>>> print(open('model-v5.tsv').read())   # TSV, C-alpha atoms
chain	number	residue	atom	x	y	z
P	10	MET	CA	-0.35	-0.35	21.71
P	11	ALA	CA	-2.49	-3.13	23.14
P	12	ASP	CA	-5.45	-0.74	23.09
P	13	ILE	CA	-5.28	-0.25	19.32
P	14	LYS	CA	-7.42	-2.75	17.45
P	15	CYS	CA	-8.94	-0.66	14.64
P	16	ILE	CA	-7.23	1.94	12.44
P	17	GLY	CA	-9.03	4.60	10.44
P	18	ILE	CA	-7.65	6.05	7.19
P	19	LEU	CA	-8.55	9.36	5.60
P	20	THR	CA	-7.23	11.64	2.87
P	21	SER	CA	-7.51	15.39	3.32
P	22	GLY	CA	-6.63	18.61	1.51
P	23	GLY	CA	-5.68	18.70	-2.15
P	24	ASP	CA	-5.51	15.32	-3.86
P	25	ALA	CA	-2.13	14.01	-4.97
P	26	PRO	CA	-1.19	11.10	-7.28
P	27	GLY	CA	-0.12	8.19	-5.09
P	28	MET	CA	-2.72	8.69	-2.37
P	29	ASN	CA	-4.47	5.51	-3.50
P	30	ALA	CA	-1.21	3.58	-3.33
P	31	ALA	CA	-0.82	4.84	0.24
P	32	ILE	CA	-4.41	3.84	1.14
P	33	ARG	CA	-3.70	0.37	-0.27
P	34	ALA	CA	-0.46	0.02	1.66
P	35	VAL	CA	-1.93	1.18	4.98
P	36	THR	CA	-4.94	-1.12	4.60
P	37	ARG	CA	-3.04	-4.25	3.67
P	38	SER	CA	-0.20	-3.70	6.13
P	39	ALA	CA	-2.71	-3.15	8.94
P	40	ILE	CA	-4.68	-6.28	8.06
P	41	PHE	CA	-1.43	-8.25	7.78
P	42	ASN	CA	-0.64	-7.20	11.36
P	43	GLY	CA	-4.06	-8.17	12.70
P	44	PHE	CA	-5.78	-4.77	12.82
P	45	LYS	CA	-9.24	-3.88	11.61
P	46	VAL	CA	-9.31	-1.07	9.08
P	47	LYS	CA	-12.00	1.52	8.42
P	48	GLY	CA	-11.96	3.92	5.51
P	49	ILE	CA	-13.23	7.44	6.23
P	50	TYR	CA	-14.68	9.20	3.20
P	51	ARG	CA	-14.26	12.93	2.52
P	52	GLY	CA	-11.55	13.65	5.05
P	53	TYR	CA	-12.36	15.16	8.43
P	54	ARG	CA	-15.88	15.92	7.22
P	55	GLY	CA	-16.47	12.18	6.88
P	56	ILE	CA	-15.78	11.73	10.59
P	57	MET	CA	-18.43	14.34	11.38
P	58	THR	CA	-20.99	12.77	9.01
P	59	ASN	CA	-20.12	9.14	9.85
P	60	GLU	CA	-19.07	8.27	6.29
P	61	ILE	CA	-17.05	5.38	7.67
P	62	VAL	CA	-16.91	1.82	6.28
P	63	GLU	CA	-14.84	-1.24	7.10
P	64	PHE	CA	-12.09	-1.95	4.57
P	65	LYS	CA	-11.01	-5.42	3.57
P	66	THR	CA	-8.16	-6.35	1.24
P	67	GLN	CA	-10.48	-6.32	-1.77
P	68	ASN	CA	-11.51	-2.70	-1.08
P	69	VAL	CA	-8.05	-1.59	-2.18
P	70	SER	CA	-7.56	-3.96	-5.12
P	71	ASN	CA	-6.60	-2.40	-8.46
P	72	ILE	CA	-6.18	1.15	-7.13
P	73	ILE	CA	-2.38	1.51	-7.03
P	74	GLN	CA	-2.34	2.89	-10.58
P	75	MET	CA	-5.17	5.40	-10.04
P	76	GLY	CA	-4.73	9.13	-9.48
P	77	GLY	CA	-6.85	11.08	-7.01
P	78	THR	CA	-8.19	9.34	-3.92
P	79	ILE	CA	-10.89	6.69	-3.66
P	80	LEU	CA	-11.67	8.05	-0.18
P	81	LYS	CA	-12.41	11.50	-1.64
P	82	THR	CA	-11.45	14.73	0.09
P	83	ALA	CA	-13.37	17.76	1.34
P	84	ARG	CA	-13.04	20.83	3.54
P	85	CYS	CA	-14.61	20.78	7.01
P	86	LYS	CA	-15.12	24.04	8.91
P	87	GLU	CA	-16.73	22.20	11.82
P	88	PHE	CA	-13.52	20.28	12.52
P	89	MET	CA	-11.75	23.62	13.03
P	90	THR	CA	-13.83	24.24	16.18
P	91	PRO	CA	-13.39	22.55	19.59
P	92	GLU	CA	-17.04	21.47	19.52
P	93	GLY	CA	-16.60	19.90	16.11
P	94	ARG	CA	-13.49	18.00	17.15
P	95	GLN	CA	-15.31	16.74	20.26
P	96	GLN	CA	-18.06	15.37	18.04
P	97	ALA	CA	-15.45	13.82	15.74
P	98	TYR	CA	-13.81	12.10	18.71
P	99	GLU	CA	-17.12	10.68	19.88
P	100	ASN	CA	-17.91	9.42	16.36
P	101	LEU	CA	-14.52	7.72	16.05
P	102	LYS	CA	-14.99	5.95	19.39
P	103	ALA	CA	-18.51	4.91	18.38
P	104	HIS	CA	-17.03	3.25	15.29
P	105	GLY	CA	-14.37	1.54	17.41
P	106	ILE	CA	-11.49	3.44	15.77
P	107	ASP	CA	-8.47	3.63	18.09
P	108	ALA	CA	-5.93	5.35	15.81
P	109	LEU	CA	-5.84	7.34	12.60
P	110	VAL	CA	-3.62	7.51	9.54
P	111	VAL	CA	-4.04	10.90	7.88
P	112	ILE	CA	-2.77	11.36	4.31
P	113	GLY	CA	-2.45	15.02	3.32
P	114	GLY	CA	-0.46	18.22	3.35
P	115	ASP	CA	0.34	21.02	5.77
P	116	GLY	CA	-3.25	21.90	6.68
P	117	SER	CA	-4.29	18.28	7.08
P	118	LEU	CA	-1.40	17.50	9.42
P	119	THR	CA	-2.05	20.70	11.38
P	120	GLY	CA	-5.60	19.46	12.04
P	121	ALA	CA	-4.24	16.05	12.97
P	122	ARG	CA	-1.80	17.56	15.45
P	123	ILE	CA	-4.47	19.63	17.18
P	124	PHE	CA	-6.87	16.69	17.42
P	125	ALA	CA	-4.16	14.31	18.67
P	126	ASN	CA	-3.11	16.72	21.41
P	127	GLU	CA	-6.65	17.51	22.55
P	128	PHE	CA	-7.77	13.89	22.90
P	129	ASN	CA	-4.48	12.01	23.35
P	130	PHE	CA	-5.40	10.16	20.16
P	131	PRO	CA	-2.75	8.23	18.20
P	132	ILE	CA	-2.34	9.67	14.70
P	133	ILE	CA	0.28	8.95	12.05
P	134	GLY	CA	0.57	11.33	9.11
P	135	LEU	CA	1.65	10.61	5.54
P	136	PRO	CA	2.89	13.57	3.44
P	137	GLY	CA	0.45	13.63	0.52
P	138	THR	CA	0.94	16.87	-1.42
P	139	ILE	CA	2.33	17.77	-4.84
P	140	ASP	CA	4.04	20.88	-3.40
P	141	ASN	CA	6.81	18.93	-1.60
P	142	ASP	CA	6.74	21.58	1.12
P	143	LEU	CA	6.71	19.47	4.30
P	144	HIS	CA	9.85	19.60	6.41
P	145	GLY	CA	11.66	16.38	7.30
P	146	THR	CA	11.05	14.42	4.11
P	147	ASP	CA	13.04	14.53	0.87
P	148	SER	CA	9.88	13.98	-1.17
P	149	THR	CA	6.13	13.99	-0.65
P	150	ILE	CA	3.60	11.64	-2.22
P	151	GLY	CA	2.51	13.08	-5.58
P	152	TYR	CA	5.40	15.48	-6.10
P	153	ASP	CA	7.28	13.34	-8.63
P	154	THR	CA	4.15	12.74	-10.73
P	155	ALA	CA	3.25	16.44	-10.75
P	156	LEU	CA	6.81	17.33	-11.72
P	157	ASN	CA	6.68	14.91	-14.65
P	158	THR	CA	3.32	16.34	-15.73
P	159	ILE	CA	4.77	19.86	-15.69
P	160	MET	CA	7.77	18.72	-17.71
P	161	GLU	CA	5.58	17.07	-20.36
P	162	CYS	CA	3.40	20.19	-20.64
P	163	ILE	CA	6.41	22.47	-21.05
P	164	ASP	CA	7.85	20.20	-23.73
P	165	LYS	CA	4.66	20.77	-25.72
P	166	ILE	CA	4.46	24.50	-25.03
P	167	ARG	CA	8.06	24.91	-26.16
P	168	ASP	CA	7.06	23.83	-29.66
P	169	THR	CA	4.72	26.82	-29.92
P	170	ALA	CA	7.13	29.17	-28.15
P	171	THR	CA	9.87	28.29	-30.63
P	172	SER	CA	7.63	28.45	-33.69
P	173	HIS	CA	6.32	31.91	-32.84
P	174	GLU	CA	9.45	33.25	-31.11
P	175	ARG	CA	7.58	34.04	-27.94
P	176	LEU	CA	8.34	34.53	-24.27
P	177	PHE	CA	6.12	32.19	-22.24
P	178	PHE	CA	5.34	32.56	-18.55
P	179	ILE	CA	4.07	29.19	-17.29
P	180	GLU	CA	2.37	29.23	-13.92
P	181	VAL	CA	2.61	26.12	-11.75
P	182	MET	CA	1.34	25.30	-8.26
P	183	GLY	CA	3.32	26.12	-5.16
P	184	ARG	CA	1.75	28.95	-3.21
P	185	ASP	CA	4.39	28.92	-0.49
P	186	ALA	CA	7.08	26.74	-2.03
P	187	GLY	CA	8.92	26.85	-5.34
P	188	PHE	CA	9.98	23.22	-5.68
P	189	LEU	CA	7.70	22.49	-8.65
P	190	ALA	CA	8.71	25.69	-10.46
P	191	LEU	CA	12.44	25.34	-9.85
P	192	ASN	CA	12.85	21.64	-10.56
P	193	GLY	CA	10.31	21.81	-13.38
P	194	ALA	CA	12.43	24.53	-14.98
P	195	ILE	CA	15.58	22.43	-14.72
P	196	ALA	CA	13.87	19.31	-16.06
P	197	ALA	CA	12.32	21.13	-19.03
P	198	GLY	CA	15.34	23.28	-19.87
P	199	ALA	CA	13.52	26.53	-19.08
P	200	GLU	CA	15.38	29.82	-18.83
P	201	ALA	CA	14.29	30.79	-15.31
P	202	ALA	CA	12.03	30.08	-12.35
P	203	ILE	CA	10.37	32.77	-10.27
P	204	ILE	CA	9.62	31.34	-6.83
P	205	PRO	CA	8.26	32.68	-3.52
P	206	GLU	CA	11.50	31.95	-1.67
P	207	ILE	CA	13.12	34.76	-3.68
P	208	SER	CA	11.12	37.98	-3.88
P	209	THR	CA	10.79	39.33	-7.42
P	210	GLN	CA	11.88	42.89	-8.11
P	211	VAL	CA	11.69	44.96	-11.32
P	212	ASP	CA	15.45	44.86	-11.84
P	213	GLN	CA	15.40	41.06	-11.62
P	214	LEU	CA	12.76	40.98	-14.32
P	215	ALA	CA	14.95	43.31	-16.40
P	216	GLU	CA	17.92	41.00	-15.91
P	217	LEU	CA	15.79	38.05	-16.94
P	218	ILE	CA	14.72	39.78	-20.14
P	219	GLN	CA	18.20	41.02	-21.01
P	220	ASN	CA	20.05	37.81	-20.24
P	221	GLY	CA	17.42	35.18	-20.87
P	222	PHE	CA	15.82	36.40	-24.06
P	223	ARG	CA	18.96	37.04	-26.08
P	224	LYS	CA	19.54	37.11	-29.82
P	225	SER	CA	20.95	33.60	-29.64
P	226	LYS	CA	17.54	32.33	-28.53
P	227	ASN	CA	14.35	32.75	-30.47
P	228	SER	CA	12.13	31.87	-27.50
P	229	SER	CA	12.18	31.71	-23.73
P	230	ILE	CA	10.20	29.86	-21.09
P	231	VAL	CA	9.93	31.05	-17.49
P	232	LEU	CA	8.19	29.05	-14.74
P	233	VAL	CA	6.31	31.04	-12.11
P	234	ALA	CA	5.00	29.71	-8.79
P	235	GLU	CA	1.38	30.77	-8.13
P	236	SER	CA	2.29	32.83	-5.07
P	237	PRO	CA	1.29	36.32	-3.93
P	238	VAL	CA	5.03	36.90	-3.51
P	239	THR	CA	5.74	36.30	-7.19
P	240	GLY	CA	2.57	38.03	-8.34
P	241	GLY	CA	1.71	35.11	-10.61
P	242	ALA	CA	2.28	34.67	-14.33
P	243	MET	CA	-0.43	37.09	-15.47
P	244	ALA	CA	0.99	39.99	-13.44
P	245	LEU	CA	4.53	39.33	-14.69
P	246	ALA	CA	3.37	39.10	-18.28
P	247	GLU	CA	1.54	42.43	-17.91
P	248	ARG	CA	4.71	44.06	-16.60
P	249	VAL	CA	6.69	42.78	-19.56
P	250	LYS	CA	4.07	44.14	-21.97
P	251	ASN	CA	4.26	47.55	-20.31
P	252	GLU	CA	8.01	47.76	-19.76
P	253	TYR	CA	9.29	45.72	-22.72
P	254	PRO	CA	6.62	46.09	-25.42
P	255	GLY	CA	8.91	44.60	-28.06
P	256	TYR	CA	8.40	41.08	-26.74
P	257	ASP	CA	5.59	38.78	-27.73
P	258	VAL	CA	4.43	37.44	-24.37
P	259	ARG	CA	2.06	34.58	-23.62
P	260	VAL	CA	0.85	32.96	-20.40
P	261	SER	CA	-0.09	29.35	-19.71
P	262	ILE	CA	-1.56	28.45	-16.31
P	263	LEU	CA	-1.35	24.68	-15.81
P	264	GLY	CA	-3.73	24.67	-12.84
P	265	HIS	CA	-5.33	21.44	-11.67
P	266	LEU	CA	-3.85	19.55	-14.58
P	267	GLN	CA	-0.83	19.09	-12.28
P	268	ARG	CA	-2.80	17.18	-9.66
P	269	GLY	CA	-4.16	14.41	-11.86
P	270	GLY	CA	-2.86	11.38	-13.65
P	271	SER	CA	-1.57	7.93	-12.87
P	272	PRO	CA	1.26	8.11	-10.30
P	273	THR	CA	4.81	7.45	-11.44
P	274	ALA	CA	6.70	4.36	-10.28
P	275	PHE	CA	8.59	6.57	-7.81
P	276	ASP	CA	5.37	7.84	-6.20
P	277	ARG	CA	3.83	4.36	-6.08
P	278	ILE	CA	6.89	2.96	-4.33
P	279	LEU	CA	7.18	5.95	-2.00
P	280	ALA	CA	3.50	5.76	-1.04
P	281	SER	CA	3.72	1.99	-0.52
P	282	ARG	CA	6.77	2.31	1.73
P	283	MET	CA	5.24	5.15	3.72
P	284	GLY	CA	1.90	3.38	4.09
P	285	ALA	CA	3.53	0.24	5.45
P	286	ALA	CA	5.76	2.38	7.68
P	287	ALA	CA	2.68	4.07	9.20
P	288	ILE	CA	1.59	0.71	10.63
P	289	ASP	CA	5.14	-0.04	11.76
P	290	ALA	CA	5.11	3.29	13.60
P	291	LEU	CA	1.95	2.36	15.50
P	292	LEU	CA	3.46	-1.03	16.33
P	293	ASP	CA	6.49	0.85	17.69
P	294	ASP	CA	4.19	2.92	19.96
P	295	GLN	CA	4.83	6.04	17.89
P	296	ARG	CA	2.15	8.69	17.69
P	297	ASN	CA	1.74	12.21	16.34
P	298	VAL	CA	4.52	11.80	13.79
P	299	MET	CA	4.68	12.13	10.02
P	300	ILE	CA	6.35	9.40	8.03
P	301	GLY	CA	9.17	10.90	5.96
P	302	ILE	CA	11.93	9.70	3.68
P	303	SER	CA	15.51	10.92	4.15
P	304	ASN	CA	18.43	9.56	2.16
P	305	ASP	CA	16.17	6.69	1.07
P	306	GLU	CA	15.46	5.72	4.68
P	307	ILE	CA	12.10	5.93	6.47
P	308	VAL	CA	12.12	8.51	9.28
P	309	TYR	CA	9.60	9.66	11.89
P	310	VAL	CA	9.09	13.43	11.91
P	311	PRO	CA	7.14	15.06	14.79
P	312	PHE	CA	4.11	16.96	13.52
P	313	ALA	CA	5.41	20.21	15.01
P	314	LYS	CA	8.63	19.94	13.01
P	315	ALA	CA	6.96	18.86	9.77
P	316	ILE	CA	4.40	21.67	9.86
P	317	LYS	CA	6.15	24.64	11.42
P	318	LYS	CA	9.54	24.56	9.75
P	319	ASP	CA	9.91	25.91	6.22
P	320	LYS	CA	11.55	23.44	3.88
P	321	PRO	CA	14.54	25.21	2.32
P	322	ILE	CA	15.27	25.47	-1.38
P	323	LYS	CA	18.78	24.30	-2.24
P	324	SER	CA	20.89	27.15	-3.59
P	325	GLU	CA	22.73	24.58	-5.70
P	326	LEU	CA	19.55	24.08	-7.75
P	327	LEU	CA	19.20	27.81	-8.37
P	328	ASN	CA	22.82	27.99	-9.46
P	329	THR	CA	22.39	24.99	-11.75
P	330	LEU	CA	19.38	26.54	-13.46
P	331	HIS	CA	21.21	29.85	-13.87
P	332	ARG	CA	24.32	28.26	-15.37
P	333	LEU	CA	22.41	26.01	-17.78
P	334	SER	CA	20.10	28.76	-19.07
P	335	ILE	CA	22.84	30.63	-20.99
>>> encode(input="model-v5.tsv", output="structure tokens")
Amino acid sequence: MADIKCIGILTSGGDAPGMNAAIRAVTRSAIFNGFKVKGIYRGYRGIMTNEIVEFKTQNVSNIIQMGGTILKTARCKEFMTPEGRQQAYENLKAHGIDALVVIGGDGSLTGARIFANEFNFPIIGLPGTIDNDLHGTDSTIGYDTALNTIMECIDKIRDTATSHERLFFIEVMGRDAGFLALNGAIAAGAEAAIIPEISTQVDQLAELIQNGFRKSKNSSIVLVAESPVTGGAMALAERVKNEYPGYDVRVSILGHLQRGGSPTAFDRILASRMGAAAIDALLDDQRNVMIGISNDEIVYVPFAKAIKKDKPIKSELLNTLHRLSI
């Protein structure tokens, strides 16, 4: 711990509302504890290209309410190679950076784990992803905001669905995890959620049509996670048109709309707590762990556990959606 004097911060992967709140918290908590802080622009690529600047308290003023990330984010193929990571290590040392705080999702933390192991470099990860798919934390930074955005969009789409008596398939993000689709469906009062954790078969689609789009309802809304397992909303809509031509089917793909917007109070508080906890972890001689939240308590989750383990969907949520969609 005595060797750490300067901490670098970067955001990587898809942006998530609350990342700026996390950057603010890491910066100010580090300065409060006597560390120097350097912001690294454009993720791992910024290490390669030396887009590194010293951060003072004023660098993170008035950003807690902003979506996206002031540090930007980008892909970096070079960092995926041993030669690239060697160059990144040399650049970090040249800038006097002794430890990193990486804010991102599964891919970002995978890169952090590899780099940390290769160079014995202290890294703390913060779970910044709207998918909520990292194991060991009840919620990830950005998930609550994205969920609220989805809910607000569905509330508006329902007006059209009801007016025209249509069946709407609404596609949301979540390539490998159905948390947004499932909880979005419950929050918006949708009839069903089709998620990658449960493979979709023709008979399930038939059951959905027969039970969900009944005479007592003049419209139905189904959330679909954008996964190869589900086939996506367009493929499901095409099947309905072919197999149940009597239904008026429409598709709405929310896309990157879900990533943007000012973070909710929950995400701002979560990001602030996690950002401060990242510095506490370094002070506790922790390394190569992700900061998580479990039962409203901060926890340290080893990278291997956070990345490799699939976060399970609660069957209780599926049952709740099913019971309330009658």
>>> atom_distance(input="model-v5.tsv", atom1="atom CA of P:Ala121", atom2="atom CA of P:Asn42")
23.6 Å
>>> residues_near_point(input="model-v5.tsv", point="(-12.4, 19.4, 1.7)", cutoff="7 Å", atoms="all atoms listed in the file", output="compact mmCIF listing (two decimals) with C-alpha atoms, in the coordinates of the input")
# COMPACT_ATOMS: atom_id res chain seq x y z
CA SER P 21 -7.51 15.39 3.32
CA GLY P 22 -6.63 18.61 1.51
CA ARG P 51 -14.26 12.93 2.52
CA GLY P 52 -11.55 13.65 5.05
CA THR P 82 -11.45 14.73 0.09
CA ALA P 83 -13.37 17.76 1.34
CA ARG P 84 -13.04 20.83 3.54
CA CYS P 85 -14.61 20.78 7.01
>>> closest_residue(input="model-v5.tsv", among="P:Ala194, P:Ala280, P:Leu232, P:Cys162", to="P:Ala25", atoms="all atoms listed in the file")
P:Ala280
>>> atom_distance(input="model-v5.tsv", atom1="atom CA of P:His265", atom2="atom CA of P:Ile166")
16.8 Å
>>> atom_distance(input="model-v5.tsv", atom1="atom CA of P:Ala108", atom2="atom CA of P:Ile132")
5.7 Å
>>> closest_residue(input="model-v5.tsv", among="P:Ser229, P:Gln295, P:Ser281, P:Ser70", to="P:Ile335", atoms="all atoms listed in the file")
P:Ser229
>>> axis_aligned_box(input="model-v5.tsv", around="stretch 201-205 of chain P", padding_each_side="6 Å", output="lines of an AutoDock Vina configuration file")
center_x = 11.3
center_y = 31.4
center_z = -9.4
size_x = 18.0
size_y = 14.7
size_z = 23.8
>>> residues_around(input="model-v5.tsv", residues="stretch 135-151 of chain P", least_positions_apart="4", cutoff="9 Å", atoms="all atoms listed in the file", output="MDAnalysis selection string")
chainID P and resid 20:28 31 110:115 118 155:156 182:189 267:268 272:273 276:277 279:280 283:284 287 298:305 307:311 314:321
>>> write_last_selection(input="model-v5.tsv", atoms="C-alpha atoms", output="PDB file, in the coordinates of the input")
ATOM      1  CA  THR P  20      -7.230  11.640   2.870  1.00  0.00           C
ATOM      2  CA  SER P  21      -7.510  15.390   3.320  1.00  0.00           C
ATOM      3  CA  GLY P  22      -6.630  18.610   1.510  1.00  0.00           C
ATOM      4  CA  GLY P  23      -5.680  18.700  -2.150  1.00  0.00           C
ATOM      5  CA  ASP P  24      -5.510  15.320  -3.860  1.00  0.00           C
ATOM      6  CA  ALA P  25      -2.130  14.010  -4.970  1.00  0.00           C
ATOM      7  CA  PRO P  26      -1.190  11.100  -7.280  1.00  0.00           C
ATOM      8  CA  GLY P  27      -0.120   8.190  -5.090  1.00  0.00           C
ATOM      9  CA  MET P  28      -2.720   8.690  -2.370  1.00  0.00           C
ATOM     10  CA  ALA P  31      -0.820   4.840   0.240  1.00  0.00           C
ATOM     11  CA  VAL P 110      -3.620   7.510   9.540  1.00  0.00           C
ATOM     12  CA  VAL P 111      -4.040  10.900   7.880  1.00  0.00           C
ATOM     13  CA  ILE P 112      -2.770  11.360   4.310  1.00  0.00           C
ATOM     14  CA  GLY P 113      -2.450  15.020   3.320  1.00  0.00           C
ATOM     15  CA  GLY P 114      -0.460  18.220   3.350  1.00  0.00           C
ATOM     16  CA  ASP P 115       0.340  21.020   5.770  1.00  0.00           C
ATOM     17  CA  LEU P 118      -1.400  17.500   9.420  1.00  0.00           C
ATOM     18  CA  ALA P 155       3.250  16.440 -10.750  1.00  0.00           C
ATOM     19  CA  LEU P 156       6.810  17.330 -11.720  1.00  0.00           C
ATOM     20  CA  MET P 182       1.340  25.300  -8.260  1.00  0.00           C
ATOM     21  CA  GLY P 183       3.320  26.120  -5.160  1.00  0.00           C
ATOM     22  CA  ARG P 184       1.750  28.950  -3.210  1.00  0.00           C
ATOM     23  CA  ASP P 185       4.390  28.920  -0.490  1.00  0.00           C
ATOM     24  CA  ALA P 186       7.080  26.740  -2.030  1.00  0.00           C
ATOM     25  CA  GLY P 187       8.920  26.850  -5.340  1.00  0.00           C
ATOM     26  CA  PHE P 188       9.980  23.220  -5.680  1.00  0.00           C
ATOM     27  CA  LEU P 189       7.700  22.490  -8.650  1.00  0.00           C
ATOM     28  CA  GLN P 267      -0.830  19.090 -12.280  1.00  0.00           C
ATOM     29  CA  ARG P 268      -2.800  17.180  -9.660  1.00  0.00           C
ATOM     30  CA  PRO P 272       1.260   8.110 -10.300  1.00  0.00           C
ATOM     31  CA  THR P 273       4.810   7.450 -11.440  1.00  0.00           C
ATOM     32  CA  ASP P 276       5.370   7.840  -6.200  1.00  0.00           C
ATOM     33  CA  ARG P 277       3.830   4.360  -6.080  1.00  0.00           C
ATOM     34  CA  LEU P 279       7.180   5.950  -2.000  1.00  0.00           C
ATOM     35  CA  ALA P 280       3.500   5.760  -1.040  1.00  0.00           C
ATOM     36  CA  MET P 283       5.240   5.150   3.720  1.00  0.00           C
ATOM     37  CA  GLY P 284       1.900   3.380   4.090  1.00  0.00           C
ATOM     38  CA  ALA P 287       2.680   4.070   9.200  1.00  0.00           C
ATOM     39  CA  VAL P 298       4.520  11.800  13.790  1.00  0.00           C
ATOM     40  CA  MET P 299       4.680  12.130  10.020  1.00  0.00           C
ATOM     41  CA  ILE P 300       6.350   9.400   8.030  1.00  0.00           C
ATOM     42  CA  GLY P 301       9.170  10.900   5.960  1.00  0.00           C
ATOM     43  CA  ILE P 302      11.930   9.700   3.680  1.00  0.00           C
ATOM     44  CA  SER P 303      15.510  10.920   4.150  1.00  0.00           C
ATOM     45  CA  ASN P 304      18.430   9.560   2.160  1.00  0.00           C
ATOM     46  CA  ASP P 305      16.170   6.690   1.070  1.00  0.00           C
ATOM     47  CA  ILE P 307      12.100   5.930   6.470  1.00  0.00           C
ATOM     48  CA  VAL P 308      12.120   8.510   9.280  1.00  0.00           C
ATOM     49  CA  TYR P 309       9.600   9.660  11.890  1.00  0.00           C
ATOM     50  CA  VAL P 310       9.090  13.430  11.910  1.00  0.00           C
ATOM     51  CA  PRO P 311       7.140  15.060  14.790  1.00  0.00           C
ATOM     52  CA  LYS P 314       8.630  19.940  13.010  1.00  0.00           C
ATOM     53  CA  ALA P 315       6.960  18.860   9.770  1.00  0.00           C
ATOM     54  CA  ILE P 316       4.400  21.670   9.860  1.00  0.00           C
ATOM     55  CA  LYS P 317       6.150  24.640  11.420  1.00  0.00           C
ATOM     56  CA  LYS P 318       9.540  24.560   9.750  1.00  0.00           C
ATOM     57  CA  ASP P 319       9.910  25.910   6.220  1.00  0.00           C
ATOM     58  CA  LYS P 320      11.550  23.440   3.880  1.00  0.00           C
ATOM     59  CA  PRO P 321      14.540  25.210   2.320  1.00  0.00           C
TER      60      PRO P 321
END
>>> residues_around(input="model-v5.tsv", residues="P:Ile40", least_positions_apart="4", cutoff="12 Å", atoms="all atoms listed in the file", output="list in words")
Lys14, Cys15, Ile16, Gly17, Arg33, Ala34, Val35, Thr36, Phe44, Lys45, Val46, Lys47, Glu63, Phe64, Lys65, Thr66, Gln67, Asn68, Val69, Ala285 and Ile288 of chain P
>>> closest_residue(input="model-v5.tsv", among="P:Ser228, P:Asn100, P:Gly76, P:Glu252", to="P:Thr58", atoms="all atoms listed in the file")
P:Asn100
>>> residues_near_point(input="model-v5.tsv", point="(5.5, 13.4, -17.8)", cutoff="12 Å", atoms="only C-alpha atoms", output="PyMOL selection string")
chain P and resi 152-165+193+196-197+266-267+269-274
>>> closest_residue(input="model-v5.tsv", among="P:Asn71, P:Thr78, P:Thr119, P:Gln96", to="P:Ile49", atoms="only C-alpha atoms")
P:Thr78
>>> decode(input="model-v5.tsv", residues="stretch 240-252 of chain P", atoms="N, CA and C atoms", output="tab-separated table (two decimals), in the first residue's frame")
chain	number	residue	atom	x	y	z
P	240	GLY	N	-33.88	-14.94	-30.29
P	240	GLY	CA	-34.14	-14.64	-31.69
P	240	GLY	C	-34.41	-13.18	-31.95
P	241	GLY	N	-34.67	-12.41	-30.89
P	241	GLY	CA	-34.95	-10.99	-31.05
P	241	GLY	C	-36.40	-10.73	-31.40
P	242	ALA	N	-36.82	-9.49	-31.24
P	242	ALA	CA	-38.22	-9.12	-31.43
P	242	ALA	C	-38.68	-9.28	-32.88
P	243	MET	N	-37.83	-8.94	-33.83
P	243	MET	CA	-38.22	-9.03	-35.24
P	243	MET	C	-38.53	-10.47	-35.64
P	244	ALA	N	-37.69	-11.40	-35.21
P	244	ALA	CA	-37.90	-12.82	-35.55
P	244	ALA	C	-39.19	-13.34	-34.91
P	245	LEU	N	-39.45	-12.96	-33.67
P	245	LEU	CA	-40.67	-13.42	-33.00
P	245	LEU	C	-41.91	-12.84	-33.67
P	246	ALA	N	-41.82	-11.56	-34.04
P	246	ALA	CA	-42.96	-10.93	-34.71
P	246	ALA	C	-43.25	-11.61	-36.05
P	247	GLU	N	-42.20	-11.99	-36.76
P	247	GLU	CA	-42.37	-12.66	-38.05
P	247	GLU	C	-43.05	-14.02	-37.87
P	248	ARG	N	-42.68	-14.71	-36.80
P	248	ARG	CA	-43.31	-16.01	-36.52
P	248	ARG	C	-44.79	-15.84	-36.21
P	249	VAL	N	-45.11	-14.80	-35.47
P	249	VAL	CA	-46.53	-14.57	-35.15
P	249	VAL	C	-47.31	-14.27	-36.44
P	250	LYS	N	-46.71	-13.46	-37.31
P	250	LYS	CA	-47.39	-13.13	-38.57
P	250	LYS	C	-47.65	-14.37	-39.41
P	251	ASN	N	-46.70	-15.30	-39.39
P	251	ASN	CA	-46.84	-16.52	-40.18
P	251	ASN	C	-47.77	-17.54	-39.55
P	252	GLU	N	-47.67	-17.68	-38.23
P	252	GLU	CA	-48.42	-18.73	-37.54
P	252	GLU	C	-49.76	-18.25	-36.99
